[in-house]
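Here the structure is laid out as C-alpha cells; the discussion comes afterwards.
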Amino acid sequence: ELRNAVLSENVEVAMNRGLSYQWQLCIDKTYFCQSYERQLLRSGKLTNHQEEKFQEIKQAQRSSSTVHLSAVAGAGKTFVAVQLVLETFQQNPSGHVLLIAPCISLCFLFVVWLGRRAKEENMDFDRLLERLVVVSKPYDRLMTLEVDGARIKASDSVTREFLLEVCDEAQDVYIDVGFDAKNGAMSHSVLKELKSHSKLHLSSHSQSSSPSGRYRPSVDVTLTEVVRSTQRIVAGAATFLASASEKQDLRSICPAGPPVKTFIFKPTKEMKETNVADDYVKSTVAAIWYVIHAYAGLNLHQRLAVVVPDTAFLEWFKPSLLKELGSRIPARSFRCEPFETSLSCLPSDLLPKQRDISKEESDQSDETEMLVVDEIDNSKGLETLIVICVGLDARIVGTQAETAATRARLYRGITRAQVQCIVVNEYLQGGWLEFLGLLHFEEETFVESVGMNEVSAEAAATAVTTRPEEREQLETSKEIPGQNEGGHQTSTQVVESVVKLETNEVKDQGQLASDVPLENSETSMAGSVTTTSVWDTGENDTSIASQIQKLSFDPRSSLSNEARPE
C-alpha cells in the first residue's frame with residue numbers, strides 16, 4: 001500500500017497539503033523503490049494463505065514423492081518453493097537441490113530470492129550456490145551457478161542425485177520434454193537419468209499454451225491468493241483465464257492500483273508492414289512517455305519490461321524502439337536488454353563485500369536506464385514493476401492450439417506486472433482485444449468483486465474450444481441462439497432482457513440492486529459500449545467502436561453499464 005501510494009504521488013500530495021507554500025517535499029522514488037525491493041525479497045514471512053498451503057505441501061511429502069502446487073499467476077508459488085529449498089538445505093548439511101525451469105532467467109531470479117533469504121538466515125551464499133543445480137530449455141545441460149564479478153554465470157555440473165527437485169512452470173516443461181505420469185519424471189533423456197528423493201512441481205493452468213492446458217498428474221495443493229499484482233491487474237488478466245475454476249476464490253491482497261491502460265491503434269495509411277511497424281514503435285514510445293509522467297522521478301532501470309510475441313518481432317522492434325526513444329526522449333538515456341541479461345546482474349546487497357565492483361561490471365549506471373525488451377516466452381515466472389505488452393494479440397481464426405497460445409500469451413503478459421500494465425496493439429478484427437473498443441473507463445473507487453464480475457468466467461475457454469467452422473456459423477447466423485455453453489453472449493446475439501443484480505452480492509458494499517434493460521435488438525455492436533473500472537481505454541483510436549460489427553471474443557459479463565452499482 002505504501003509503495004503504490006508513493007509511486008502515485010498520493011503521499012507527496014498529502015504531506016505538502018500541511019506545509020507552508022514556502023516549503024514543499026519531494027520523495028526520491030528511485031531510492032524508495034531500491035529500498036522496497038531489497039526489503040521485499042529478504043522477507044521470509046509467508047502470507048497466512050501461503051503458510052497454510054506450505055504446511056499442506058510438507059504434509060503431502062510424507063506420503064508422496066511428488067507434490068504438485070497449482071496456482072494462478074502471481075500467487076507466490078516460486079516463493080513458497082524458495083522456502084522449501086531453504087528448509088531442505090538447513091535440515092541437510094550436505095546434498096543438492098535441482099531446479100528445472102523453462103528459461104535460465106527464471107533460474108537467476110530464483111537464485112536472487114534464495115540468496116537474500118539465506119542472508120537473513122546467516123547462511124553462506126557461495127556454499128548455497130554450490131548445492132543448487134539448475135537446468136533450463138533445451139534441458140540438455142545440468143549447471144551450477146556462481147558469482148563472477150557482479151554477474152551470475154553457469155558452469156557444467158555432474159551431480160545426478162538430489163534431496164529435492166523443484167520444477168517451476170511445469171506446465172511448459174511438460175509440453176517441452178514430456179512427462180512420465182507413472183513415476184512423476186520428465187521423459188527427456190537427461191532428466192530421465194536423475195534421481196530425486198522428493199519433488200515439488202509448480203504449475204499455472206492459465207499460463208499453459210496447450211489447448212488441454214493442464215500439467216496435472218494430481219492436484220495436491222492450490223494457491224488462489226495473488227500477492228504480486230494489483231487488484232485491477234488481476235481483474236484484467238481474469239479476462240484470459242483458461243477455465244472458470246481458476247476464477248473461483250481468486251483475489252489479490254495488493255491495493256487496487258491503476259487501471260490496465262490500453263493503446264489500441266489503427267495502422268496509418270495503407271496496410272503495409274512498414275507502416276504497422278512504425279505505428280507499434282510510436283505507440284510504445286507513447287506508452288513509455290505515459291509511464292514517465294505517471295511515475296515522475298522514478299528511474300526505470302530494470303523496472304520496466306516490454307514484452308513482444310516472438311523473436312521475429314523482436315529483431316526489428318528493438319533497434320527501431322531505441323532509435324525512436326533517442327529521438328523522442330533525448331533527455332534520458334536508455335538501452336534495451338533481454339530478461340537473461342537483466343537478471344544475471346546481482347543486486348548490490350548480494351555482491352561480494354571484499355570487491356569494489358565497477359559500474360561496467362555491475363551493469364548499474366546513473367546515466368543509462370536498462371529497459372527489459374524481450375519475447376514473451378522468456379518472461380515465464382518473472383515479474384516487473386511496470387510491463388508494456390506489445391503486439392500479443394492475434395485473430396481467433398486458427399487451430400485450437402494457436403488460439404490457446406494467444407490466450408496464454410495475453411494472460412502471461414498482463415500478469416508479469418506488479419503495479420502497472422499497458423497493452424499496445426494494432427486493432428485486429430476478430431482478435432482477442434477487439435472488445436476493448438467497446439469499453440469506456442470511468443474513474444471510481446475500485447471494488448474488487450465488481451471488477452471481477454465484469455468478466456464472464458468461461459469466455460476465454462469457450463473461444464479456445466470453439467472450432468473455426470463453428471465460430472463462423474455463430475457469427476453469420478441470423479438466429480438468436482441464446483447464451484452459448486460458456487455462459488457469455490456471442491457476438492451476433494440480439495439481446496433484449498433485464499439483468500437483475502443479486503442484492504446479497506452488493507449488500508456488503510452498502511449498494512442497492514436495480515433492474516435495467518440491456519441494449520435492444522436494433523442496437524448494433526458499435527452501440528454496445530459498456531463502462532469498466534478495470535481497463536483505461538482513453539488512448540485507443542476513437543474510430544474503432546464504430547467499426548465493430550461482431551466480436552469473436554466478448555468476455556463482458558451480463559452486468560451492464562447501467563446495472564453496475566452507483
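Here, A, B, ... name the chains of the C-alpha cells in the order displayed, residue numbers run from 1 inside each chain, and ligands are numbered from 1 in the same displayed order.
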
* To do: Would you list the contacts of Ile422 (chain A) as JSON, numbers by chain, taking every protein, DNA or RNA residue within 9 Å and counting only C-alpha atoms, but skipping same-chain residues closer than 3 positions in sequence?
  => {"A": [259, 260, 261, 262, 263, 287, 386, 387, 388, 389, 390, 414]}

What does the file look like for those residues with all heavy atoms, as an mmCIF file, in the first residue's frame?
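Below is the file that was written, selection.cif:
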```cif
data_model
loop_
_atom_site.group_PDB
_atom_site.id
_atom_site.type_symbol
_atom_site.label_atom_id
_atom_site.label_comp_id
_atom_site.auth_asym_id
_atom_site.auth_seq_id
_atom_site.Cartn_x
_atom_site.Cartn_y
_atom_site.Cartn_z
ATOM 1 N N PRO A 259 -5.675 1.509 -13.421
ATOM 2 C CA PRO A 259 -6.293 0.614 -14.412
ATOM 3 C C PRO A 259 -5.262 0.099 -15.409
ATOM 4 O O PRO A 259 -4.186 0.684 -15.576
ATOM 5 C CB PRO A 259 -7.330 1.507 -15.092
ATOM 6 C CG PRO A 259 -6.813 2.898 -14.901
ATOM 7 C CD PRO A 259 -6.141 2.909 -13.563
ATOM 8 N N VAL A 260 -5.602 -1.007 -16.061
ATOM 9 C CA VAL A 260 -4.777 -1.508 -17.156
ATOM 10 C C VAL A 260 -4.988 -0.571 -18.339
ATOM 11 O O VAL A 260 -6.104 -0.432 -18.832
ATOM 12 C CB VAL A 260 -5.171 -2.951 -17.537
ATOM 13 C CG1 VAL A 260 -4.292 -3.456 -18.670
ATOM 14 C CG2 VAL A 260 -5.066 -3.873 -16.320
ATOM 15 N N LYS A 261 -3.921 0.084 -18.776
ATOM 16 C CA LYS A 261 -4.050 1.119 -19.815
ATOM 17 C C LYS A 261 -3.832 0.493 -21.188
ATOM 18 O O LYS A 261 -2.973 -0.367 -21.358
ATOM 19 C CB LYS A 261 -3.046 2.235 -19.587
ATOM 20 C CG LYS A 261 -3.302 3.452 -20.443
ATOM 21 C CD LYS A 261 -2.806 4.703 -19.778
ATOM 22 C CE LYS A 261 -3.151 5.953 -20.606
ATOM 23 N NZ LYS A 261 -4.546 6.366 -20.398
ATOM 24 N N THR A 262 -4.624 0.930 -22.163
ATOM 25 C CA THR A 262 -4.528 0.346 -23.498
ATOM 26 C C THR A 262 -4.280 1.408 -24.561
ATOM 27 O O THR A 262 -4.834 2.503 -24.510
ATOM 28 C CB THR A 262 -5.813 -0.433 -23.860
ATOM 29 O OG1 THR A 262 -6.920 0.463 -23.932
ATOM 30 C CG2 THR A 262 -6.102 -1.505 -22.818
ATOM 31 N N PHE A 263 -3.416 1.065 -25.516
ATOM 32 C CA PHE A 263 -3.150 1.887 -26.694
ATOM 33 C C PHE A 263 -3.466 1.015 -27.910
ATOM 34 O O PHE A 263 -2.592 0.338 -28.460
ATOM 35 C CB PHE A 263 -1.681 2.320 -26.735
ATOM 36 C CG PHE A 263 -1.287 3.349 -25.714
ATOM 37 C CD1 PHE A 263 -1.166 3.008 -24.368
ATOM 38 C CD2 PHE A 263 -1.019 4.660 -26.084
ATOM 39 C CE1 PHE A 263 -0.791 3.947 -23.423
ATOM 40 C CE2 PHE A 263 -0.639 5.607 -25.146
ATOM 41 C CZ PHE A 263 -0.537 5.258 -23.809
ATOM 42 N N ALA A 287 3.493 5.009 -24.817
ATOM 43 C CA ALA A 287 3.228 4.326 -23.551
ATOM 44 C C ALA A 287 4.339 4.593 -22.550
ATOM 45 O O ALA A 287 4.084 4.781 -21.348
ATOM 46 C CB ALA A 287 3.076 2.821 -23.802
ATOM 47 N N ILE A 386 6.601 -2.490 -13.869
ATOM 48 C CA ILE A 386 5.746 -1.981 -14.941
ATOM 49 C C ILE A 386 5.991 -2.827 -16.183
ATOM 50 O O ILE A 386 7.137 -3.119 -16.532
ATOM 51 C CB ILE A 386 6.065 -0.497 -15.236
ATOM 52 C CG1 ILE A 386 5.872 0.358 -13.973
ATOM 53 C CG2 ILE A 386 5.199 0.030 -16.382
ATOM 54 C CD1 ILE A 386 6.493 1.738 -14.067
ATOM 55 N N VAL A 387 4.923 -3.214 -16.870
ATOM 56 C CA VAL A 387 5.043 -4.047 -18.060
ATOM 57 C C VAL A 387 4.218 -3.441 -19.198
ATOM 58 O O VAL A 387 3.078 -3.017 -18.990
ATOM 59 C CB VAL A 387 4.563 -5.496 -17.793
ATOM 60 C CG1 VAL A 387 4.500 -6.297 -19.090
ATOM 61 C CG2 VAL A 387 5.492 -6.185 -16.808
ATOM 62 N N ILE A 388 4.817 -3.410 -20.389
ATOM 63 C CA ILE A 388 4.103 -2.995 -21.605
ATOM 64 C C ILE A 388 4.028 -4.213 -22.522
ATOM 65 O O ILE A 388 5.052 -4.758 -22.936
ATOM 66 C CB ILE A 388 4.815 -1.830 -22.319
ATOM 67 C CG1 ILE A 388 4.956 -0.624 -21.369
ATOM 68 C CG2 ILE A 388 4.049 -1.416 -23.566
ATOM 69 C CD1 ILE A 388 5.721 0.548 -21.966
ATOM 70 N N CYS A 389 2.818 -4.654 -22.812
ATOM 71 C CA CYS A 389 2.595 -5.814 -23.684
ATOM 72 C C CYS A 389 2.374 -5.299 -25.106
ATOM 73 O O CYS A 389 1.412 -4.579 -25.366
ATOM 74 C CB CYS A 389 1.364 -6.598 -23.231
ATOM 75 S SG CYS A 389 1.449 -7.190 -21.530
ATOM 76 N N VAL A 390 3.257 -5.677 -26.025
ATOM 77 C CA VAL A 390 3.232 -5.129 -27.383
ATOM 78 C C VAL A 390 2.959 -6.234 -28.403
ATOM 79 O O VAL A 390 3.705 -7.220 -28.481
ATOM 80 C CB VAL A 390 4.566 -4.434 -27.713
ATOM 81 C CG1 VAL A 390 4.541 -3.888 -29.134
ATOM 82 C CG2 VAL A 390 4.853 -3.316 -26.724
ATOM 83 N N ILE A 414 0.111 -9.774 -19.131
ATOM 84 C CA ILE A 414 -0.532 -8.886 -18.152
ATOM 85 C C ILE A 414 -0.075 -9.213 -16.737
ATOM 86 O O ILE A 414 0.186 -8.316 -15.932
ATOM 87 C CB ILE A 414 -2.061 -8.982 -18.274
ATOM 88 C CG1 ILE A 414 -2.518 -8.421 -19.627
ATOM 89 C CG2 ILE A 414 -2.764 -8.236 -17.141
ATOM 90 C CD1 ILE A 414 -3.976 -8.657 -19.937
#
```

* Secondary structure check, alpha helix (DSSP H) residues of region 144-325 of chain A, as a PyMOL selection string -> chain A and resi 170-177+189-192+231-237+244-247+273-294+311-325

Please produce an output containing C-alpha atoms for each residue in the selection, written as a tab-separated table (two decimals), in the first residue's frame.
```tsv
chain	number	residue	atom	x	y	z
A	170	ALA	CA	5.88	-27.32	-15.03
A	171	GLN	CA	3.01	-26.83	-17.47
A	172	ASP	CA	5.57	-25.59	-20.03
A	173	VAL	CA	8.37	-28.00	-19.10
A	174	TYR	CA	5.82	-30.79	-19.52
A	175	ILE	CA	4.99	-29.63	-23.05
A	176	ASP	CA	8.69	-29.16	-23.89
A	177	VAL	CA	10.01	-32.54	-22.78
A	189	SER	CA	16.84	-38.27	-21.70
A	190	VAL	CA	18.95	-36.09	-19.37
A	191	LEU	CA	16.16	-35.57	-16.85
A	192	LYS	CA	15.17	-39.21	-17.03
A	231	GLN	CA	-6.38	-5.96	-7.95
A	232	ARG	CA	-7.01	-4.27	-11.29
A	233	ILE	CA	-4.22	-6.26	-12.96
A	234	VAL	CA	-5.69	-9.48	-11.57
A	235	ALA	CA	-9.16	-8.49	-12.81
A	236	GLY	CA	-7.82	-7.59	-16.25
A	237	ALA	CA	-5.90	-10.86	-16.53
A	244	ALA	CA	-13.86	-20.78	-14.74
A	245	SER	CA	-12.45	-22.89	-11.90
A	246	GLU	CA	-9.35	-20.68	-11.69
A	247	LYS	CA	-11.51	-17.63	-11.10
A	273	GLU	CA	4.11	-4.00	-42.74
A	274	THR	CA	6.41	-0.95	-42.60
A	275	ASN	CA	3.55	1.31	-41.56
A	276	VAL	CA	2.34	-1.12	-38.89
A	277	ALA	CA	5.89	-1.47	-37.57
A	278	ASP	CA	6.23	2.33	-37.30
A	279	ASP	CA	2.91	2.54	-35.51
A	280	TYR	CA	3.95	-0.13	-32.99
A	281	VAL	CA	7.16	1.72	-32.18
A	282	LYS	CA	5.47	5.12	-31.90
A	283	SER	CA	2.65	3.74	-29.74
A	284	THR	CA	5.16	2.00	-27.47
A	285	VAL	CA	7.12	5.22	-27.02
A	286	ALA	CA	3.84	6.98	-26.23
A	287	ALA	CA	3.23	4.33	-23.55
A	288	ILE	CA	6.72	4.90	-22.11
A	289	TRP	CA	6.04	8.65	-22.09
A	290	TYR	CA	2.87	7.93	-20.13
A	291	VAL	CA	4.91	5.94	-17.58
A	292	ILE	CA	7.47	8.73	-17.25
A	293	HIS	CA	4.75	11.26	-16.49
A	294	ALA	CA	2.63	8.98	-14.29
A	311	THR	CA	11.90	-13.47	-31.99
A	312	ALA	CA	10.99	-12.20	-35.47
A	313	PHE	CA	9.03	-9.27	-33.96
A	314	LEU	CA	11.85	-8.54	-31.52
A	315	GLU	CA	14.55	-8.36	-34.20
A	316	TRP	CA	13.07	-5.36	-35.99
A	317	PHE	CA	11.28	-3.81	-33.00
A	318	LYS	CA	14.22	-3.45	-30.60
A	319	PRO	CA	16.54	-1.29	-32.75
A	320	SER	CA	13.60	0.78	-34.00
A	321	LEU	CA	12.44	1.39	-30.43
A	322	LEU	CA	15.90	2.52	-29.31
A	323	LYS	CA	16.13	4.93	-32.24
A	324	GLU	CA	12.70	6.40	-31.54
A	325	LEU	CA	13.44	6.74	-27.81
```

* **Shortest interatomic distance to Leu106 (chain A) - which of A:Arg131, A:Arg335, A:Lys137, A:Arg395, counting only C-alpha atoms** =>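 Closest to Leu106 (chain A), using only C-alpha atoms: A:Lys137.
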
* Of the residues A:Phe108, A:Ile100, A:Lys119, A:Leu436, which is the one nearest to Ser136 (chain A), using only C-alpha atoms? ->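 That would be A:Ile100, the residue with the smallest distance to Ser136 (chain A).
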
* Structure fact -> Judged by only C-alpha atoms, the minimum distance to Glu340 (chain A) among A:Leu86, A:Ile27, A:Val11, A:Val372 is found for A:Val372

* To do: Write out as a list in words all residues of region 410-459 of chain A that backbone DSSP assigns to strand (DSSP E or B).
  => Ala417, Gln418, Val419, Gln420, Cys421, Ile422, Val423, Val424, Asn425, Glu426, Gly431, Leu439, His440, Phe441 and Val455 of chain A

Just-selected residues, all heavy atoms written as an mmCIF file, in the first residue's frame:
```cif
data_model
loop_
_atom_site.group_PDB
_atom_site.id
_atom_site.type_symbol
_atom_site.label_atom_id
_atom_site.label_comp_id
_atom_site.auth_asym_id
_atom_site.auth_seq_id
_atom_site.Cartn_x
_atom_site.Cartn_y
_atom_site.Cartn_z
ATOM 1 N N ALA A 417 3.193 -7.908 -14.553
ATOM 2 C CA ALA A 417 3.264 -6.583 -13.930
ATOM 3 C C ALA A 417 2.887 -6.633 -12.455
ATOM 4 O O ALA A 417 1.954 -7.339 -12.072
ATOM 5 C CB ALA A 417 2.342 -5.616 -14.666
ATOM 6 N N GLN A 418 3.594 -5.850 -11.671
ATOM 7 C CA GLN A 418 3.265 -5.706 -10.254
ATOM 8 C C GLN A 418 2.299 -4.551 -10.019
ATOM 9 O O GLN A 418 1.330 -4.694 -9.278
ATOM 10 C CB GLN A 418 4.547 -5.471 -9.443
ATOM 11 C CG GLN A 418 5.547 -6.609 -9.488
ATOM 12 C CD GLN A 418 6.873 -6.231 -8.863
ATOM 13 O OE1 GLN A 418 7.221 -5.047 -8.761
ATOM 14 N NE2 GLN A 418 7.640 -7.223 -8.452
ATOM 15 N N VAL A 419 2.566 -3.408 -10.618
ATOM 16 C CA VAL A 419 1.784 -2.192 -10.343
ATOM 17 C C VAL A 419 1.055 -1.656 -11.570
ATOM 18 O O VAL A 419 -0.109 -1.281 -11.495
ATOM 19 C CB VAL A 419 2.698 -1.087 -9.751
ATOM 20 C CG1 VAL A 419 1.978 0.249 -9.688
ATOM 21 C CG2 VAL A 419 3.179 -1.487 -8.372
ATOM 22 N N GLN A 420 1.733 -1.615 -12.715
ATOM 23 C CA GLN A 420 1.148 -1.005 -13.898
ATOM 24 C C GLN A 420 1.337 -1.904 -15.109
ATOM 25 O O GLN A 420 2.434 -2.362 -15.391
ATOM 26 C CB GLN A 420 1.804 0.352 -14.185
ATOM 27 C CG GLN A 420 1.328 1.041 -15.455
ATOM 28 C CD GLN A 420 -0.045 1.662 -15.323
ATOM 29 O OE1 GLN A 420 -0.221 2.661 -14.627
ATOM 30 N NE2 GLN A 420 -1.034 1.100 -16.006
ATOM 31 N N CYS A 421 0.253 -2.162 -15.831
ATOM 32 C CA CYS A 421 0.320 -2.894 -17.090
ATOM 33 C C CYS A 421 -0.277 -2.027 -18.191
ATOM 34 O O CYS A 421 -1.314 -1.391 -17.994
ATOM 35 C CB CYS A 421 -0.422 -4.229 -17.003
ATOM 36 S SG CYS A 421 -0.372 -5.178 -18.549
ATOM 37 N N ILE A 422 0.406 -2.009 -19.335
ATOM 38 C CA ILE A 422 -0.061 -1.258 -20.502
ATOM 39 C C ILE A 422 -0.084 -2.205 -21.686
ATOM 40 O O ILE A 422 0.840 -3.003 -21.879
ATOM 41 C CB ILE A 422 0.861 -0.054 -20.792
ATOM 42 C CG1 ILE A 422 0.919 0.877 -19.575
ATOM 43 C CG2 ILE A 422 0.392 0.707 -22.021
ATOM 44 C CD1 ILE A 422 1.908 2.019 -19.721
ATOM 45 N N VAL A 423 -1.158 -2.151 -22.471
ATOM 46 C CA VAL A 423 -1.315 -3.008 -23.646
ATOM 47 C C VAL A 423 -1.246 -2.143 -24.901
ATOM 48 O O VAL A 423 -2.015 -1.189 -25.050
ATOM 49 C CB VAL A 423 -2.652 -3.775 -23.602
ATOM 50 C CG1 VAL A 423 -2.858 -4.569 -24.890
ATOM 51 C CG2 VAL A 423 -2.691 -4.705 -22.394
ATOM 52 N N VAL A 424 -0.304 -2.472 -25.798
ATOM 53 C CA VAL A 424 -0.150 -1.767 -27.074
ATOM 54 C C VAL A 424 -0.396 -2.769 -28.188
ATOM 55 O O VAL A 424 0.285 -3.795 -28.275
ATOM 56 C CB VAL A 424 1.264 -1.169 -27.209
ATOM 57 C CG1 VAL A 424 1.453 -0.560 -28.598
ATOM 58 C CG2 VAL A 424 1.521 -0.127 -26.132
ATOM 59 N N ASN A 425 -1.376 -2.478 -29.053
ATOM 60 C CA ASN A 425 -1.685 -3.422 -30.132
ATOM 61 C C ASN A 425 -2.404 -2.717 -31.263
ATOM 62 O O ASN A 425 -3.139 -1.748 -31.049
ATOM 63 C CB ASN A 425 -2.578 -4.561 -29.627
ATOM 64 C CG ASN A 425 -2.173 -5.907 -30.206
ATOM 65 O OD1 ASN A 425 -1.470 -6.688 -29.562
ATOM 66 N ND2 ASN A 425 -2.552 -6.194 -31.441
ATOM 67 N N GLU A 426 -2.175 -3.215 -32.481
ATOM 68 C CA GLU A 426 -2.976 -2.747 -33.611
ATOM 69 C C GLU A 426 -4.382 -3.317 -33.474
ATOM 70 O O GLU A 426 -4.587 -4.375 -32.875
ATOM 71 C CB GLU A 426 -2.356 -3.191 -34.930
ATOM 72 C CG GLU A 426 -2.297 -4.703 -35.116
ATOM 73 C CD GLU A 426 -1.641 -5.120 -36.408
ATOM 74 O OE1 GLU A 426 -2.169 -4.743 -37.469
ATOM 75 O OE2 GLU A 426 -0.616 -5.820 -36.350
ATOM 76 N N GLY A 431 -10.030 -10.276 -33.255
ATOM 77 C CA GLY A 431 -8.959 -10.562 -32.305
ATOM 78 C C GLY A 431 -9.468 -10.646 -30.881
ATOM 79 O O GLY A 431 -10.608 -10.298 -30.573
ATOM 80 N N LEU A 439 -15.288 -0.565 -24.616
ATOM 81 C CA LEU A 439 -15.230 -0.274 -23.185
ATOM 82 C C LEU A 439 -14.912 1.198 -22.951
ATOM 83 O O LEU A 439 -14.098 1.792 -23.664
ATOM 84 C CB LEU A 439 -14.160 -1.125 -22.501
ATOM 85 C CG LEU A 439 -14.400 -2.641 -22.423
ATOM 86 C CD1 LEU A 439 -13.249 -3.308 -21.667
ATOM 87 C CD2 LEU A 439 -15.723 -2.958 -21.740
ATOM 88 N N HIS A 440 -15.561 1.763 -21.952
ATOM 89 C CA HIS A 440 -15.309 3.150 -21.568
ATOM 90 C C HIS A 440 -14.966 3.179 -20.083
ATOM 91 O O HIS A 440 -15.753 2.745 -19.243
ATOM 92 C CB HIS A 440 -16.538 4.021 -21.841
ATOM 93 C CG HIS A 440 -16.417 5.415 -21.294
ATOM 94 N ND1 HIS A 440 -15.548 6.349 -21.813
ATOM 95 C CD2 HIS A 440 -17.050 6.020 -20.247
ATOM 96 C CE1 HIS A 440 -15.659 7.473 -21.120
ATOM 97 N NE2 HIS A 440 -16.553 7.301 -20.165
ATOM 98 N N PHE A 441 -13.776 3.692 -19.772
ATOM 99 C CA PHE A 441 -13.319 3.710 -18.380
ATOM 100 C C PHE A 441 -13.974 4.845 -17.616
ATOM 101 O O PHE A 441 -14.052 5.973 -18.091
ATOM 102 C CB PHE A 441 -11.799 3.863 -18.329
ATOM 103 C CG PHE A 441 -11.253 3.992 -16.933
ATOM 104 C CD1 PHE A 441 -11.315 2.931 -16.041
ATOM 105 C CD2 PHE A 441 -10.679 5.188 -16.508
ATOM 106 C CE1 PHE A 441 -10.808 3.051 -14.757
ATOM 107 C CE2 PHE A 441 -10.166 5.312 -15.229
ATOM 108 C CZ PHE A 441 -10.232 4.239 -14.346
ATOM 109 N N VAL A 455 -16.188 -9.681 -15.961
ATOM 110 C CA VAL A 455 -15.723 -10.700 -16.901
ATOM 111 C C VAL A 455 -16.497 -11.998 -16.729
ATOM 112 O O VAL A 455 -16.699 -12.472 -15.608
ATOM 113 C CB VAL A 455 -14.222 -10.976 -16.681
ATOM 114 C CG1 VAL A 455 -13.728 -12.067 -17.619
ATOM 115 C CG2 VAL A 455 -13.415 -9.704 -16.881
#
```

Contacts of Arg141 (chain A) within 12 Å, only C-alpha atoms, excl. fewer than 3 positions in-chain, as an mmCIF file with C-alpha atoms, in the first residue's frame:
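The result, written out as out.cif:
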```cif
data_model
loop_
_atom_site.group_PDB
_atom_site.id
_atom_site.type_symbol
_atom_site.label_atom_id
_atom_site.label_comp_id
_atom_site.auth_asym_id
_atom_site.auth_seq_id
_atom_site.Cartn_x
_atom_site.Cartn_y
_atom_site.Cartn_z
ATOM 1 C CA ILE A 100 14.103 -27.184 -13.523
ATOM 2 C CA ILE A 104 17.609 -19.509 -17.455
ATOM 3 C CA VAL A 133 21.879 -27.412 -9.684
ATOM 4 C CA VAL A 134 19.730 -25.890 -12.453
ATOM 5 C CA VAL A 135 18.550 -26.989 -15.882
ATOM 6 C CA SER A 136 16.603 -24.964 -18.443
ATOM 7 C CA LYS A 137 15.406 -25.329 -22.011
ATOM 8 C CA PRO A 138 16.560 -27.280 -24.065
ATOM 9 C CA THR A 144 25.733 -24.859 -11.185
ATOM 10 C CA ALA A 154 26.699 -21.008 -15.260
ATOM 11 C CA SER A 155 29.082 -23.960 -15.456
ATOM 12 C CA ASP A 156 28.509 -27.678 -16.034
ATOM 13 C CA SER A 157 27.529 -29.972 -13.176
ATOM 14 C CA VAL A 158 27.972 -33.737 -12.824
ATOM 15 C CA THR A 159 25.544 -34.165 -9.926
ATOM 16 C CA ARG A 160 22.797 -36.696 -10.649
ATOM 17 C CA HIS A 188 13.737 -36.043 -21.634
ATOM 18 C CA SER A 189 16.839 -38.266 -21.696
ATOM 19 C CA VAL A 190 18.953 -36.090 -19.375
ATOM 20 C CA LEU A 191 16.163 -35.571 -16.852
#
```

* All residues 7 Å or closer to Cys167 (chain A), only C-alpha atoms, same chain fewer than 3 positions away omitted, as number ranges by chain -> A: 99-101, 170, 200-202

Keeping only N, CA, C and O atoms, write those residues as a short mmCIF file (atom, residue, chain, number, x, y, z; two decimals), in the first residue's frame.
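File again.cif, as written:
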```
data_model
loop_
_atom_site.label_atom_id
_atom_site.label_comp_id
_atom_site.auth_asym_id
_atom_site.auth_seq_id
_atom_site.Cartn_x
_atom_site.Cartn_y
_atom_site.Cartn_z
N LEU A 99 16.79 -27.47 -9.65
CA LEU A 99 15.75 -26.55 -10.13
C LEU A 99 15.61 -26.72 -11.63
O LEU A 99 16.58 -26.52 -12.38
N ILE A 100 14.41 -27.08 -12.09
CA ILE A 100 14.10 -27.18 -13.52
C ILE A 100 13.20 -26.01 -13.88
O ILE A 100 12.18 -25.78 -13.22
N ALA A 101 13.56 -25.26 -14.92
CA ALA A 101 12.77 -24.10 -15.33
C ALA A 101 12.84 -23.95 -16.84
O ALA A 101 13.84 -24.34 -17.45
N ALA A 170 5.90 -25.93 -14.56
CA ALA A 170 5.88 -27.32 -15.03
C ALA A 170 4.96 -27.51 -16.22
O ALA A 170 5.17 -28.42 -17.03
N LEU A 200 8.83 -31.24 -5.98
CA LEU A 200 7.77 -30.23 -5.91
C LEU A 200 7.63 -29.63 -7.30
O LEU A 200 8.56 -29.00 -7.81
N HIS A 201 6.50 -29.87 -7.93
CA HIS A 201 6.25 -29.34 -9.27
C HIS A 201 5.23 -28.21 -9.18
O HIS A 201 4.17 -28.36 -8.57
N LEU A 202 5.57 -27.08 -9.80
CA LEU A 202 4.74 -25.87 -9.75
C LEU A 202 4.14 -25.62 -11.13
O LEU A 202 4.85 -25.67 -12.13
#
```

* Leaving out Met15 (chain A) and any residue of its chain fewer than 6 positions from it, which residues lie within 12 Å of it when counting only C-alpha atoms, given as a list of chain:residue names? -> A:Ala5, A:Val6, A:Glu9, A:Tyr21, A:Trp23, A:Gln24, A:Leu25, A:Cys26, A:Ile27

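The spacing separating CA of Arg117 (chain A) from CA of His301 (chain A) amounts to 23.4 Å.
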
* Test item: residues at most 12 Å from Glu402 (chain A), only C-alpha atoms, excluding those fewer than 3 positions along its chain, as an NGL selection string -> :A and (208-211 or 393-399 or 405-409 or 463-465 or 467-468)

* Asked: So which one's closest to Asp554 (chain A), A:Gly538, A:Gly115, A:Gly430, A:Gly451? Using only C-alpha atoms, please.
  ->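 When distances to Asp554 (chain A) are compared using only C-alpha atoms, the smallest one comes from A:Gly430.
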
* To do: In Å, rounded to a single decimal, give me how far CA of Ala238 (chain A) is from CA of Val307 (chain A).
  => 19.0 Å

* Any idea what's packed within 8 Å of region 43-50 of chain A, counting only C-alpha atoms, ignoring anything in its chain fewer than 2 positions away? Could you give it as a PyMOL selection string? -> chain A and resi 39-41+52-54+76+80+83+117+223+225

* Could you tell me how far CA of Ser206 (chain A) lies from CA of Asn453 (chain A), in Å and to one decimal? =>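 Those two atoms sit 18.4 Å apart.
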
* **From A:Gln207, A:Thr532, A:Ser252, A:Gln91, residue lying nearest Leu438 (chain A) [only C-alpha atoms]** =>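 Among the listed residues, A:Thr532 lies closest to Leu438 (chain A).
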
* To do: Between A:Phe435, A:Phe125, A:Tyr36, A:Tyr31, single out the one closest to Ser557 (chain A), counting only C-alpha atoms.
  => A:Phe435
